[in-house]
$ cat data-v5.txt   # compact mmCIF, C-alpha atoms
# COMPACT_ATOMS: atom_id res chain seq x y z
CA MET A 1 -23.34 -28.66 10.51
CA PRO A 2 -21.83 -25.24 11.33
CA LYS A 3 -19.98 -23.51 8.54
CA THR A 4 -16.22 -23.34 8.74
CA ILE A 5 -14.46 -19.98 8.82
CA ALA A 6 -13.52 -20.29 5.15
CA GLU A 7 -17.12 -21.09 4.25
CA GLN A 8 -18.39 -18.07 6.15
CA LEU A 9 -15.82 -15.82 4.48
CA ALA A 10 -16.60 -17.24 1.06
CA SER A 11 -20.30 -16.53 1.53
CA HIS A 12 -19.47 -12.99 2.63
CA PHE A 13 -17.13 -12.15 -0.24
CA PHE A 14 -19.23 -13.89 -2.88
CA LYS A 15 -21.95 -11.33 -2.17
CA PHE A 16 -19.59 -8.38 -2.63
CA ASN A 17 -20.63 -5.84 -5.26
CA TYR A 18 -19.70 -2.27 -6.01
CA ASP A 19 -23.07 -0.78 -5.04
CA ALA A 20 -22.84 -2.30 -1.56
CA LEU A 21 -19.48 -0.66 -0.81
CA THR A 22 -19.60 2.38 1.44
CA PRO A 23 -18.38 5.70 0.00
CA ALA A 24 -15.55 5.61 2.54
CA THR A 25 -14.38 2.23 1.28
CA ARG A 26 -14.50 3.29 -2.36
CA THR A 27 -12.48 6.39 -1.54
CA ALA A 28 -9.90 4.46 0.48
CA VAL A 29 -9.43 1.88 -2.27
CA LYS A 30 -9.03 4.53 -4.98
CA ARG A 31 -6.58 6.62 -2.94
CA LEU A 32 -4.51 3.50 -2.43
CA LEU A 33 -4.69 2.64 -6.14
CA LEU A 34 -3.05 5.95 -7.04
CA ASP A 35 -0.42 5.49 -4.37
CA TYR A 36 0.32 1.90 -5.37
CA LEU A 37 0.78 2.75 -9.03
CA GLY A 38 3.14 5.62 -8.26
CA VAL A 39 5.24 3.55 -5.90
CA GLY A 40 5.22 0.64 -8.34
CA VAL A 41 6.45 2.77 -11.24
CA ALA A 42 9.34 4.13 -9.17
CA GLY A 43 10.14 0.74 -7.67
CA SER A 44 10.27 -0.88 -11.09
CA GLN A 45 13.43 1.11 -11.83
CA THR A 46 15.36 -0.09 -8.77
CA GLY A 47 17.73 -3.02 -8.83
CA SER A 48 15.19 -5.38 -7.31
CA GLY A 49 12.44 -4.12 -9.61
CA LYS A 50 14.59 -4.62 -12.71
CA VAL A 51 15.51 -8.18 -11.74
CA ALA A 52 11.85 -8.98 -11.05
CA ARG A 53 10.81 -7.62 -14.46
CA GLU A 54 13.51 -9.54 -16.28
CA PHE A 55 12.58 -12.74 -14.48
CA ALA A 56 8.93 -12.27 -15.40
CA THR A 57 9.77 -11.96 -19.08
CA SER A 58 12.37 -14.72 -19.11
CA THR A 59 9.87 -17.49 -18.47
CA GLY A 60 7.74 -16.81 -21.56
CA GLY A 61 4.04 -17.58 -21.77
CA PHE A 62 0.84 -15.83 -22.77
CA GLU A 63 0.77 -12.01 -22.79
CA GLN A 64 -1.95 -11.39 -20.21
CA ALA A 65 -0.90 -8.53 -17.96
CA THR A 66 1.43 -5.52 -18.04
CA LEU A 67 4.66 -5.06 -16.11
CA ILE A 68 4.47 -1.68 -14.36
CA GLY A 69 7.17 0.76 -15.46
CA ASP A 70 8.04 -1.50 -18.37
CA GLY A 71 5.13 -2.06 -20.77
CA ARG A 72 5.88 -5.67 -21.65
CA ARG A 73 3.05 -8.13 -21.11
CA VAL A 74 3.53 -11.50 -19.43
CA PRO A 75 1.35 -14.19 -17.81
CA ALA A 76 -0.83 -12.76 -15.05
CA MET A 77 0.95 -14.76 -12.36
CA GLN A 78 4.32 -13.35 -13.41
CA ALA A 79 3.00 -9.80 -13.61
CA ALA A 80 1.63 -10.16 -10.09
CA LEU A 81 5.02 -11.38 -8.86
CA ALA A 82 7.09 -8.66 -10.50
CA ASN A 83 4.72 -5.78 -9.79
CA ALA A 84 4.45 -6.78 -6.14
CA ILE A 85 8.23 -6.71 -5.82
CA SER A 86 8.47 -3.36 -7.63
CA SER A 87 5.83 -1.80 -5.41
CA HIS A 88 7.78 -2.87 -2.31
CA SER A 89 11.17 -1.72 -3.56
CA VAL A 90 11.30 1.92 -2.47
CA GLU A 91 9.70 1.54 0.99
CA LEU A 92 6.95 4.03 0.15
CA ASP A 93 4.07 1.58 0.00
CA ASP A 94 1.03 1.87 2.25
CA ILE A 95 0.71 0.46 5.76
CA ASP A 96 -1.94 -0.68 8.22
CA VAL A 97 -2.55 1.24 11.46
CA LEU A 98 -0.36 -1.11 13.52
CA ALA A 99 2.52 -0.96 11.03
CA LEU A 100 2.44 -4.72 10.61
CA PHE A 101 1.79 -5.09 6.88
CA HIS A 102 1.34 -3.47 3.48
CA PHE A 103 -2.00 -3.99 1.73
CA SER A 104 -1.15 -3.12 -1.83
CA PRO A 105 1.90 -5.16 -2.95
CA PRO A 106 0.20 -8.56 -2.64
CA VAL A 107 -3.46 -7.57 -3.12
CA TYR A 108 -3.30 -4.83 -5.74
CA SER A 109 -0.67 -6.60 -7.84
CA ALA A 110 -2.77 -9.76 -8.02
CA ALA A 111 -6.02 -7.91 -8.66
CA LEU A 112 -4.67 -5.69 -11.44
CA ALA A 113 -3.02 -8.61 -13.21
CA THR A 114 -6.21 -10.67 -13.06
CA ALA A 115 -8.43 -7.74 -14.03
CA GLU A 116 -6.28 -7.00 -17.07
CA GLN A 117 -6.17 -10.67 -18.05
CA LYS A 118 -9.96 -10.90 -17.92
CA GLY A 119 -10.73 -7.47 -19.41
CA LYS A 120 -12.56 -6.34 -16.27
CA ASP A 121 -13.79 -2.80 -15.70
CA GLY A 122 -13.09 -0.29 -12.94
CA ARG A 123 -16.11 -1.10 -10.82
CA ALA A 124 -15.15 -4.77 -10.71
CA LEU A 125 -11.59 -3.81 -9.78
CA VAL A 126 -12.63 -1.53 -6.91
CA THR A 127 -14.91 -4.25 -5.54
CA ALA A 128 -12.15 -6.87 -5.68
CA LEU A 129 -9.60 -4.55 -4.07
CA ALA A 130 -11.94 -3.79 -1.17
CA ALA A 131 -12.60 -7.48 -0.62
CA GLY A 132 -8.92 -8.42 -0.78
CA CYS A 133 -7.85 -5.72 1.66
CA GLU A 134 -10.59 -6.70 4.11
CA MET A 135 -9.56 -10.36 3.97
CA MET A 136 -5.93 -9.51 4.61
CA GLU A 137 -6.65 -7.24 7.56
CA ARG A 138 -9.11 -9.66 9.15
CA LEU A 139 -6.45 -12.37 9.14
CA SER A 140 -3.79 -10.06 10.55
CA LYS A 141 -6.12 -9.08 13.38
CA ALA A 142 -6.73 -12.74 14.13
CA ALA A 143 -3.04 -13.66 14.14
CA ASN A 144 -0.97 -10.74 15.41
CA ASN A 145 1.17 -9.94 17.33
CA SER A 146 1.88 -13.66 17.72
CA LEU A 147 2.42 -14.11 13.98
CA ARG A 148 5.08 -11.41 13.82
CA ASN A 149 6.70 -12.46 17.09
CA ARG A 150 7.18 -15.95 15.66
CA ALA A 151 9.23 -14.30 12.88
CA TYR A 152 6.61 -14.39 10.12
CA HIS A 153 6.26 -11.38 7.84
CA THR A 154 2.59 -10.40 7.83
CA THR A 155 2.58 -8.84 4.34
CA PRO A 156 3.13 -12.11 2.44
CA THR A 157 1.80 -14.49 5.08
CA CYS A 158 -1.61 -12.83 5.27
CA GLY A 159 -1.38 -11.05 1.94
CA ILE A 160 -1.73 -14.24 -0.07
CA PHE A 161 -5.28 -14.63 1.25
CA GLY A 162 -6.16 -11.07 0.25
CA ALA A 163 -4.66 -11.64 -3.19
CA THR A 164 -6.64 -14.87 -3.51
CA ILE A 165 -9.96 -13.24 -2.65
CA ALA A 166 -9.36 -10.28 -4.99
CA SER A 167 -8.36 -12.52 -7.88
CA GLY A 168 -11.23 -14.89 -7.21
CA LEU A 169 -13.83 -12.16 -7.48
CA LEU A 170 -12.35 -11.02 -10.79
CA LEU A 171 -12.45 -14.61 -12.04
CA ASP A 172 -16.13 -14.78 -11.04
CA ASN A 173 -15.44 -17.72 -8.74
CA ARG A 174 -18.47 -19.40 -7.25
CA GLU A 175 -18.87 -19.58 -3.48
CA GLU A 176 -17.52 -23.12 -3.20
CA GLN A 177 -14.57 -22.17 -5.40
CA ILE A 178 -13.72 -19.30 -3.04
CA VAL A 179 -13.67 -21.79 -0.16
CA SER A 180 -11.26 -24.00 -2.06
CA SER A 181 -9.07 -21.08 -3.08
CA LEU A 182 -8.60 -20.11 0.58
CA GLY A 183 -7.46 -23.64 1.32
CA LEU A 184 -5.02 -23.50 -1.57
CA ALA A 185 -3.76 -20.13 -0.36
CA GLY A 186 -3.10 -21.61 3.06
CA ALA A 187 -1.03 -24.36 1.46
CA GLN A 188 1.29 -21.70 0.01
CA SER A 189 1.34 -19.11 2.80
CA GLY A 190 4.72 -18.01 4.13
CA GLY A 191 7.29 -15.25 4.47
CA LEU A 192 9.91 -14.66 7.15
CA MET A 193 11.07 -11.61 9.05
CA GLU A 194 14.64 -12.72 8.38
CA MET A 195 14.79 -10.07 5.68
CA TYR A 196 16.73 -7.17 7.17
CA GLY A 197 20.24 -6.69 5.87
CA PRO A 198 22.17 -5.61 2.77
CA SER A 199 20.32 -7.93 0.38
CA MET A 200 17.07 -7.47 -1.60
CA GLN A 201 15.33 -10.10 0.56
CA LYS A 202 12.63 -7.81 1.97
CA ARG A 203 11.61 -6.66 -1.53
CA PHE A 204 10.99 -10.25 -2.58
CA ASN A 205 8.47 -11.22 0.10
CA PRO A 206 5.19 -9.92 -1.36
CA GLY A 207 5.99 -11.27 -4.84
CA PRO A 208 5.31 -14.98 -4.27
CA ALA A 209 2.28 -14.10 -2.13
CA SER A 210 0.70 -12.14 -4.96
CA ARG A 211 1.59 -14.73 -7.60
CA SER A 212 0.33 -17.56 -5.40
CA GLY A 213 -2.92 -15.74 -4.75
CA VAL A 214 -3.54 -15.61 -8.48
CA THR A 215 -2.62 -19.31 -8.65
CA ALA A 216 -4.97 -20.33 -5.83
CA ALA A 217 -7.92 -18.45 -7.35
CA ALA A 218 -7.25 -19.76 -10.85
CA MET A 219 -6.77 -23.38 -9.75
CA ALA A 220 -10.00 -23.27 -7.77
CA ASN A 221 -11.73 -21.75 -10.79
CA LEU A 222 -10.65 -24.80 -12.80
CA GLY A 223 -12.05 -27.18 -10.21
CA PHE A 224 -9.13 -27.89 -7.87
CA THR A 225 -10.55 -28.25 -4.36
CA GLY A 226 -9.00 -27.04 -1.12
CA ALA A 227 -9.48 -27.58 2.61
CA ALA A 228 -12.50 -25.78 4.07
CA THR A 229 -10.91 -25.99 7.55
CA ILE A 230 -7.74 -24.17 6.53
CA PHE A 231 -7.99 -21.56 9.29
CA GLU A 232 -9.26 -23.35 12.40
CA GLY A 233 -8.29 -26.97 11.65
CA GLU A 234 -6.11 -28.95 14.04
CA ARG A 235 -3.22 -28.50 11.63
CA GLY A 236 -4.61 -25.36 10.05
CA TRP A 237 -3.14 -21.94 9.43
CA LEU A 238 -3.78 -20.45 12.89
CA ALA A 239 -2.27 -23.48 14.64
CA ALA A 240 0.76 -23.48 12.37
CA PHE A 241 1.56 -19.77 12.32
CA THR A 242 0.61 -18.50 15.78
CA ASP A 243 0.97 -19.37 19.46
CA THR A 244 -2.11 -17.36 20.39
CA SER A 245 -4.83 -16.15 18.06
CA ASP A 246 -8.32 -14.71 17.94
CA ALA A 247 -10.15 -16.63 15.23
CA ALA A 248 -13.32 -14.62 15.88
CA GLN A 249 -11.71 -11.62 14.16
CA LEU A 250 -12.01 -13.44 10.85
CA THR A 251 -15.79 -13.46 10.95
CA LEU A 252 -16.56 -10.55 13.27
CA ASP A 253 -19.50 -8.43 12.08
CA LEU A 254 -19.61 -9.93 8.61
CA ASP A 255 -23.07 -8.46 8.26
CA LYS A 256 -21.82 -4.91 8.77
CA PRO A 257 -19.74 -2.57 6.57
CA TYR A 258 -16.04 -3.08 7.14
CA GLN A 259 -13.89 -0.04 7.87
CA LEU A 260 -10.62 -0.11 5.96
CA ASP A 261 -7.96 1.90 7.78
CA ILE A 262 -5.19 2.46 5.25
CA GLU A 263 -2.25 4.71 6.02
CA PHE A 264 0.28 6.20 3.62
CA LYS A 265 4.01 6.83 3.72
CA PRO A 266 5.63 10.21 3.17
CA TYR A 267 9.10 8.78 3.94
CA SER A 268 11.02 6.06 2.10
CA CYS A 269 11.62 3.68 4.99
CA ALA A 270 9.95 1.16 7.29
CA ARG A 271 6.77 2.59 8.76
CA PRO A 272 7.63 2.18 12.49
CA ILE A 273 10.57 4.52 11.81
CA HIS A 274 8.31 7.34 10.58
CA ASN A 275 7.45 8.42 14.13
CA ALA A 276 11.15 8.82 14.82
CA ILE A 277 11.66 10.88 11.66
CA ASP A 278 8.78 13.16 12.61
CA CYS A 279 10.39 13.67 16.03
CA ALA A 280 13.66 14.72 14.37
CA LEU A 281 11.91 16.99 11.87
CA ASP A 282 9.92 18.59 14.68
CA ILE A 283 13.06 19.41 16.67
CA ARG A 284 14.84 20.58 13.53
CA LYS A 285 12.00 22.95 12.64
CA LYS A 286 11.49 24.35 16.14
CA HIS A 287 15.09 24.60 17.36
CA ALA A 288 17.43 24.24 14.35
CA PRO A 289 20.11 22.62 16.51
CA ASP A 290 23.74 22.89 15.45
CA LEU A 291 24.38 19.26 14.55
CA ASN A 292 28.03 19.58 15.46
CA ARG A 293 27.01 20.59 19.00
CA ILE A 294 24.71 17.67 19.76
CA LYS A 295 26.03 15.82 22.79
CA SER A 296 23.64 12.86 22.94
CA MET A 297 20.36 11.54 21.51
CA THR A 298 17.98 9.02 23.01
CA MET A 299 14.96 7.49 21.30
CA ALA A 300 12.37 5.90 23.58
CA ARG A 301 10.22 3.26 21.86
CA HIS A 302 7.45 0.97 22.95
CA SER A 303 8.54 -2.65 23.45
CA ASP A 304 6.38 -3.68 20.46
CA TRP A 305 9.04 -2.26 18.13
CA ALA A 306 12.04 -1.39 20.33
CA LEU A 307 14.09 -4.40 19.23
CA TYR A 308 13.69 -3.64 15.53
CA HIS A 309 15.49 -1.18 13.22
CA GLN A 310 18.52 -0.68 15.52
CA ASN A 311 21.31 -0.89 12.94
CA THR A 312 23.63 2.10 13.41
CA GLN A 313 25.98 1.19 10.54
CA PRO A 314 23.94 0.32 7.42
CA GLN A 315 26.11 -0.89 4.56
CA THR A 316 23.54 -0.56 1.75
CA TYR A 317 20.48 1.58 1.18
CA HIS A 318 18.36 -1.51 1.82
CA GLU A 319 19.74 -1.62 5.35
CA ALA A 320 19.43 2.14 5.72
CA GLN A 321 15.71 2.00 4.95
CA VAL A 322 15.18 -0.20 8.00
CA SER A 323 17.61 1.72 10.22
CA LEU A 324 16.03 4.11 12.69
CA PRO A 325 19.35 5.75 13.65
CA TYR A 326 20.25 6.48 10.02
CA SER A 327 16.75 7.77 9.28
CA VAL A 328 16.85 10.16 12.23
CA ALA A 329 20.32 11.32 11.18
CA VAL A 330 19.31 12.05 7.59
CA ALA A 331 16.14 13.79 8.77
CA PHE A 332 18.32 16.15 10.79
CA THR A 333 20.81 16.78 7.98
CA ASP A 334 18.42 16.98 5.02
CA GLY A 335 15.06 17.81 6.54
CA GLN A 336 13.63 14.93 4.49
CA ALA A 337 13.71 11.14 4.18
CA LEU A 338 12.78 10.29 0.61
CA PHE A 339 14.40 7.74 -1.69
CA PRO A 340 17.30 10.04 -2.67
CA GLN A 341 18.29 10.21 1.01
CA TYR A 342 18.62 6.44 1.09
CA ASN A 343 21.53 6.26 -1.27
CA ASN A 344 24.61 4.07 -0.97
CA ALA A 345 26.83 7.10 -1.58
CA ARG A 346 25.38 8.83 1.49
CA LEU A 347 26.12 6.05 3.96
CA LYS A 348 29.73 7.06 4.57
CA GLU A 349 29.08 10.75 5.23
CA PRO A 350 30.80 11.64 8.53
CA MET A 351 27.85 13.56 9.98
CA LEU A 352 25.39 10.77 9.22
CA ILE A 353 27.72 8.23 10.78
CA ARG A 354 28.24 10.43 13.84
CA LEU A 355 24.54 11.01 14.46
CA SER A 356 23.59 7.40 13.74
CA GLU A 357 26.10 5.97 16.17
CA MET A 358 25.19 8.54 18.80
CA LEU A 359 21.52 7.61 18.95
CA LYS A 360 20.59 5.24 21.78
CA ILE A 361 17.29 3.35 21.81
CA THR A 362 15.49 2.68 25.08
CA VAL A 363 12.25 0.89 25.99
CA ASP A 364 9.31 2.82 27.41
CA ASP A 365 6.02 0.97 27.70
CA THR A 366 4.28 4.07 29.02
CA LEU A 367 4.20 5.32 25.44
CA PRO A 368 0.60 5.10 24.20
CA ARG A 369 1.12 3.19 20.94
CA GLY A 370 3.37 0.43 19.68
CA VAL A 371 4.88 2.77 17.09
CA SER A 372 5.19 5.79 19.41
CA CYS A 373 8.61 7.43 19.62
CA LYS A 374 10.05 10.03 22.00
CA LEU A 375 13.31 11.70 21.02
CA THR A 376 15.49 13.56 23.51
CA VAL A 377 18.38 15.62 22.15
CA GLU A 378 20.97 17.07 24.56
CA MET A 379 23.26 19.85 23.39
CA GLU A 380 26.80 20.66 24.58
CA ASP A 381 25.54 23.87 26.17
CA GLY A 382 23.03 21.97 28.32
CA ALA A 383 19.95 22.69 26.22
CA LYS A 384 17.53 19.77 25.90
CA TYR A 385 14.96 19.27 23.14
CA VAL A 386 12.20 16.68 23.37
CA SER A 387 9.63 15.56 20.82
CA GLN A 388 7.12 12.72 21.05
CA VAL A 389 5.12 11.47 18.06
CA ASP A 390 2.33 8.95 18.44
CA TYR A 391 0.65 9.41 15.05
CA PRO A 392 3.10 10.01 12.21
CA LYS A 393 2.38 11.91 9.02
CA GLY A 394 0.23 9.75 6.76
CA SER A 395 -1.65 8.09 9.61
CA ILE A 396 -5.43 8.21 9.92
CA GLN A 397 -5.09 10.85 12.63
CA ASN A 398 -2.48 12.85 10.70
CA SER A 399 -3.43 12.06 7.14
CA MET A 400 -1.94 12.93 3.79
CA SER A 401 -4.38 14.97 1.72
CA ASP A 402 -5.43 14.11 -1.83
CA ASP A 403 -3.16 16.89 -3.05
CA GLU A 404 -0.22 15.49 -1.10
CA LEU A 405 -0.84 12.02 -2.50
CA ARG A 406 -0.95 13.46 -6.02
CA ILE A 407 2.33 15.30 -5.47
CA LYS A 408 3.86 12.03 -4.27
CA PHE A 409 2.48 10.20 -7.32
CA ASP A 410 3.81 12.81 -9.74
CA SER A 411 7.24 12.82 -8.12
CA LEU A 412 7.49 9.05 -8.51
CA THR A 413 6.04 8.63 -11.99
CA ILE A 414 7.04 11.66 -14.07
CA PRO A 415 10.77 10.78 -14.13
CA VAL A 416 9.86 7.35 -15.52
CA ILE A 417 6.78 7.71 -17.76
CA GLY A 418 6.67 11.46 -18.38
CA ALA A 419 4.28 14.20 -17.35
CA SER A 420 1.61 13.46 -19.96
CA ARG A 421 1.19 9.78 -19.15
CA SER A 422 1.42 10.49 -15.43
CA ALA A 423 -1.42 13.00 -15.60
CA GLU A 424 -3.54 10.72 -17.78
CA ALA A 425 -3.06 7.79 -15.41
CA ALA A 426 -3.93 9.89 -12.36
CA ASP A 427 -7.09 11.15 -14.03
CA MET A 428 -8.08 7.62 -14.96
CA VAL A 429 -7.63 6.44 -11.38
CA ALA A 430 -9.77 9.31 -10.11
CA ASN A 431 -12.54 8.16 -12.45
CA ILE A 432 -11.76 4.46 -12.36
CA GLU A 433 -15.44 3.52 -12.26
CA GLN A 434 -15.76 4.79 -15.85
CA CYS A 435 -12.82 2.68 -17.07
CA LYS A 436 -14.17 -0.13 -19.26
CA ASP A 437 -10.93 -2.12 -19.43
CA ILE A 438 -8.21 -2.01 -16.77
CA GLY A 439 -5.66 -2.78 -19.47
CA LEU A 440 -6.06 0.81 -20.68
CA LEU A 441 -4.78 2.06 -17.33
CA MET A 442 -1.96 -0.43 -17.08
CA ARG A 443 -0.59 0.42 -20.51
CA LEU A 444 -0.10 4.03 -19.42
CA LEU A 445 2.38 2.96 -16.73
CA ALA A 446 5.40 2.63 -18.99
CA PRO A 447 7.62 5.09 -20.85
CA ALA A 448 6.16 6.23 -24.16
CA GLY A 449 7.11 3.82 -26.91
CA ASN A 450 7.29 0.79 -24.65
$ encode --input "data-v5.txt" --output "C-alpha cells"
Amino acid sequence: MPKTIAEQLASHFFKFNYDALTPATRTAVKRLLLDYLGVGVAGSQTGSGKVAREFATSTGGFEQATLIGDGRRVPAMQAALANAISSHSVELDDIDVLALFHFSPPVYSAALATAEQKGKDGRALVTALAAGCEMMERLSKAANNSLRNRAYHTTPTCGIFGATIASGLLLDNREEQIVSSLGLAGAQSGGLMEMYGPSMQKRFNPGPASRSGVTAAAMANLGFTGAATIFEGERGWLAAFTDTSDAAQLTLDLDKPYQLDIEFKPYSCARPIHNAIDCALDIRKKHAPDLNRIKSMTMARHSDWALYHQNTQPQTYHEAQVSLPYSVAVAFTDGQALFPQYNNARLKEPMLIRLSEMLKITVDDTLPRGVSCKLTVEMEDGAKYVSQVDYPKGSIQNSMSDDELRIKFDSLTIPVIGASRSAEAADMVANIEQCKDIGLLMRLLAPAGN
C-alpha cells in the first residue's frame, strides 16, 4: 500500500540529523535565530507582548521554558504561545520569498520552548529548526495562493505543521509518532486574514499555532494517534483550506537537500510594503523632492497584492504597519521606517496625512513579481520621478549582511536586556553548536536580575 503524504514526510524528517544539513541550511537557520531573538525581545515590550507574557504566567504550571524579554519560566506550551506573539509584535520578523508567511514566530518559538524543556543542545536545535522551516514552506508551496485568497493566514495555518515537526524532533518522536502529530496538527490548523485594523489581532495569529504544534508533538509522544491522511484525504487539510493545490510540493525531491530561502526585514511593517518603501527612499536619496511641492503620487502594484495595505488613514500603529500609503509617507519624511516611525503620536502629523491620502494605488500585472512596486511622483513644476523595486532590501537578491543583522539585533535588544547580555547572546547564537543546554541562551534574553 502506498505511503500517505504524512507517512512520507515523517520518514523524511525522522532521518534528519545535524551532519546531514548543508552548510547553507545551517547558516540560514542560525542567521534567523539571531534575528528571531532580537525581534522577540523588542516585541515582548509592546502592548501585545506584555499581555501575552502575563497570560502565560497567569495559568500556572511547571516551569519549563523562558519567556523572552521577561525571564519568568512557564510551561513550554505557554512559552511557545507568548514568544510567538512577541516575535510578531513589531513587524520585523522574517519572511518567505513570496511574502506569504513568517517562519520564525510559530516554528522557532515552539522549538526553543521544547528544547529548553528537554535540555537539548545547539546541534539538536539547529536540526529541528531546519526541519520545521522546511515543513512549513513545503505546505505553503502546496497550498498557495489559493490558501491566502480564501482568507487564511499562512503563518499560523501552515506554521503549526512546522512547529509540530520541530517540537517532535526535539522530543525524539518515533516515525509513527511524527505521522500522528501531523494529523493532530491538522485538527488544530487555522488563522484568518481578517486581522488588519486597529486591534492586536494580527499579533495573536502565530501564538496558538506555535502552542498547538508543541501540543500535537507532545500528545503523539504520549501515544495519541492522528490521521495519516491529514493532507490528501477526502476531508483533509488541502480539501478544506484550498480550492486548488499542488500536493506534490509536499514530497517533491525528498531525497535531495532542501534550499531554505529566508528573507529578513529592515523595516517595521508588512513585507509586501517594503518594495514601496524602497521606492520612496530611492527617490528621496536621488532627488530630495520638496514634500510640500509634490502634486501627485501613484504606486503601481501587481494584482497579487494590489488589494492589500490600502488604508490611507490608519488610526493606530497596528494599522499603520499594514498601510502602504503611510509607510511611503514616513519613508519620505524620515528616511526610515523602523518601529519608532510607527507611533500613534505620529499618525496625526499633517504632512504624513497629506502624503498618505495623496498616494493612489493602481494595478499593473506587467510588473515581474507579486511584490513588485513602481512609484511615480509628480511635482508642481512638472518634474516626474519614477522608481521600481522588484527585490527589496533583505531579499535573497538584495540581502542584509551579517553585520547588518547584528546591528538590527543590537538595536532591538540592548534597550531591553543591556549591552552585556546582548553581546553574550549574539556570541552564543554564532556558536550555537557548542551550546550544551539551550536554557543557557534563553536565560540571557531578559533584563539582568529577572
$ residues_around --input "data-v5.txt" --residues "Asn398 (chain A)" --least-positions-apart "5" --cutoff "12 Å" --atoms "all atoms listed in the file" --output "MDAnalysis selection string"
chainID A and resid 97 263:266 275 278 389:393
$ residues_around --input "data-v5.txt" --residues "Ala329 (chain A)" --least-positions-apart "3" --cutoff "12 Å" --atoms "only C-alpha atoms" --output "PDB file with C-alpha atoms, in the frame of the given file"
ATOM      1  CA  ILE A 273      10.570   4.520  11.810  1.00  0.00           C
ATOM      2  CA  ALA A 276      11.150   8.820  14.820  1.00  0.00           C
ATOM      3  CA  ILE A 277      11.660  10.880  11.660  1.00  0.00           C
ATOM      4  CA  ASP A 278       8.780  13.160  12.610  1.00  0.00           C
ATOM      5  CA  CYS A 279      10.390  13.670  16.030  1.00  0.00           C
ATOM      6  CA  ALA A 280      13.660  14.720  14.370  1.00  0.00           C
ATOM      7  CA  LEU A 281      11.910  16.990  11.870  1.00  0.00           C
ATOM      8  CA  ARG A 284      14.840  20.580  13.530  1.00  0.00           C
ATOM      9  CA  LEU A 291      24.380  19.260  14.550  1.00  0.00           C
ATOM     10  CA  ILE A 294      24.710  17.670  19.760  1.00  0.00           C
ATOM     11  CA  MET A 297      20.360  11.540  21.510  1.00  0.00           C
ATOM     12  CA  THR A 312      23.630   2.100  13.410  1.00  0.00           C
ATOM     13  CA  GLN A 313      25.980   1.190  10.540  1.00  0.00           C
ATOM     14  CA  ALA A 320      19.430   2.140   5.720  1.00  0.00           C
ATOM     15  CA  SER A 323      17.610   1.720  10.220  1.00  0.00           C
ATOM     16  CA  LEU A 324      16.030   4.110  12.690  1.00  0.00           C
ATOM     17  CA  PRO A 325      19.350   5.750  13.650  1.00  0.00           C
ATOM     18  CA  TYR A 326      20.250   6.480  10.020  1.00  0.00           C
ATOM     19  CA  PHE A 332      18.320  16.150  10.790  1.00  0.00           C
ATOM     20  CA  THR A 333      20.810  16.780   7.980  1.00  0.00           C
ATOM     21  CA  ASP A 334      18.420  16.980   5.020  1.00  0.00           C
ATOM     22  CA  GLY A 335      15.060  17.810   6.540  1.00  0.00           C
ATOM     23  CA  GLN A 336      13.630  14.930   4.490  1.00  0.00           C
ATOM     24  CA  ALA A 337      13.710  11.140   4.180  1.00  0.00           C
ATOM     25  CA  GLN A 341      18.290  10.210   1.010  1.00  0.00           C
ATOM     26  CA  TYR A 342      18.620   6.440   1.090  1.00  0.00           C
ATOM     27  CA  ARG A 346      25.380   8.830   1.490  1.00  0.00           C
ATOM     28  CA  LEU A 347      26.120   6.050   3.960  1.00  0.00           C
ATOM     29  CA  GLU A 349      29.080  10.750   5.230  1.00  0.00           C
ATOM     30  CA  PRO A 350      30.800  11.640   8.530  1.00  0.00           C
ATOM     31  CA  MET A 351      27.850  13.560   9.980  1.00  0.00           C
ATOM     32  CA  LEU A 352      25.390  10.770   9.220  1.00  0.00           C
ATOM     33  CA  ILE A 353      27.720   8.230  10.780  1.00  0.00           C
ATOM     34  CA  ARG A 354      28.240  10.430  13.840  1.00  0.00           C
ATOM     35  CA  LEU A 355      24.540  11.010  14.460  1.00  0.00           C
ATOM     36  CA  SER A 356      23.590   7.400  13.740  1.00  0.00           C
ATOM     37  CA  GLU A 357      26.100   5.970  16.170  1.00  0.00           C
ATOM     38  CA  MET A 358      25.190   8.540  18.800  1.00  0.00           C
ATOM     39  CA  LEU A 359      21.520   7.610  18.950  1.00  0.00           C
ATOM     40  CA  VAL A 377      18.380  15.620  22.150  1.00  0.00           C
TER      41      VAL A 377
END
$ residues_around --input "data-v5.txt" --residues "Ala423 (chain A)" --least-positions-apart "6" --cutoff "12 Å" --atoms "only C-alpha atoms" --output "list in words"
Leu34, Gly38, Arg406, Ile407, Phe409, Asp410, Ser411, Thr413, Ile414, Ile417, Val429, Ala430, Leu441, Leu444 and Leu445 of chain A
$ closest_atom_pairs --input "data-v5.txt" --of "region 119-159 of chain A" --to "region 19-31 of chain A" --cutoff "12 Å" --atoms "all atoms listed in the file" --output "Markdown table"
| residue | atom | partner | partner_atom | distance |
| --- | --- | --- | --- | --- |
| A:Gly122 | CA | A:Lys30 | CA | 10.2 |
| A:Arg123 | CA | A:Asp19 | CA | 9.1 |
| A:Ala124 | CA | A:Asp19 | CA | 10.5 |
| A:Leu125 | CA | A:Val29 | CA | 9.7 |
| A:Val126 | CA | A:Val29 | CA | 6.6 |
| A:Thr127 | CA | A:Leu21 | CA | 7.5 |
| A:Ala128 | CA | A:Val29 | CA | 9.8 |
| A:Leu129 | CA | A:Val29 | CA | 6.7 |
| A:Ala130 | CA | A:Val29 | CA | 6.3 |
| A:Ala131 | CA | A:Leu21 | CA | 9.7 |
| A:Gly132 | CA | A:Val29 | CA | 10.4 |
| A:Cys133 | CA | A:Val29 | CA | 8.7 |
| A:Glu134 | CA | A:Thr25 | CA | 10.1 |
$ closest_residue --input "data-v5.txt" --among "A:Val51, A:Val363, A:Leu252, A:Ala216" --to "His12 (chain A)" --atoms "all atoms listed in the file"
A:Leu252
$ residues_around --input "data-v5.txt" --residues "Arg150 (chain A)" --least-positions-apart "4" --cutoff "8 Å" --atoms "all atoms listed in the file" --output "VMD selection string"
chain A and resid 146 241 to 242
$ atom_distance --input "data-v5.txt" --atom1 "CA of Ala76 (chain A)" --atom2 "CA of Lys408 (chain A)"
27.4 Å
$ closest_residue --input "data-v5.txt" --among "A:Glu63, A:Glu54, A:Glu424, A:Glu378" --to "Asn292 (chain A)" --atoms "only C-alpha atoms"
A:Glu378
$ atom_distance --input "data-v5.txt" --atom1 "CA of Gly60 (chain A)" --atom2 "CA of Ala209 (chain A)"
20.4 Å
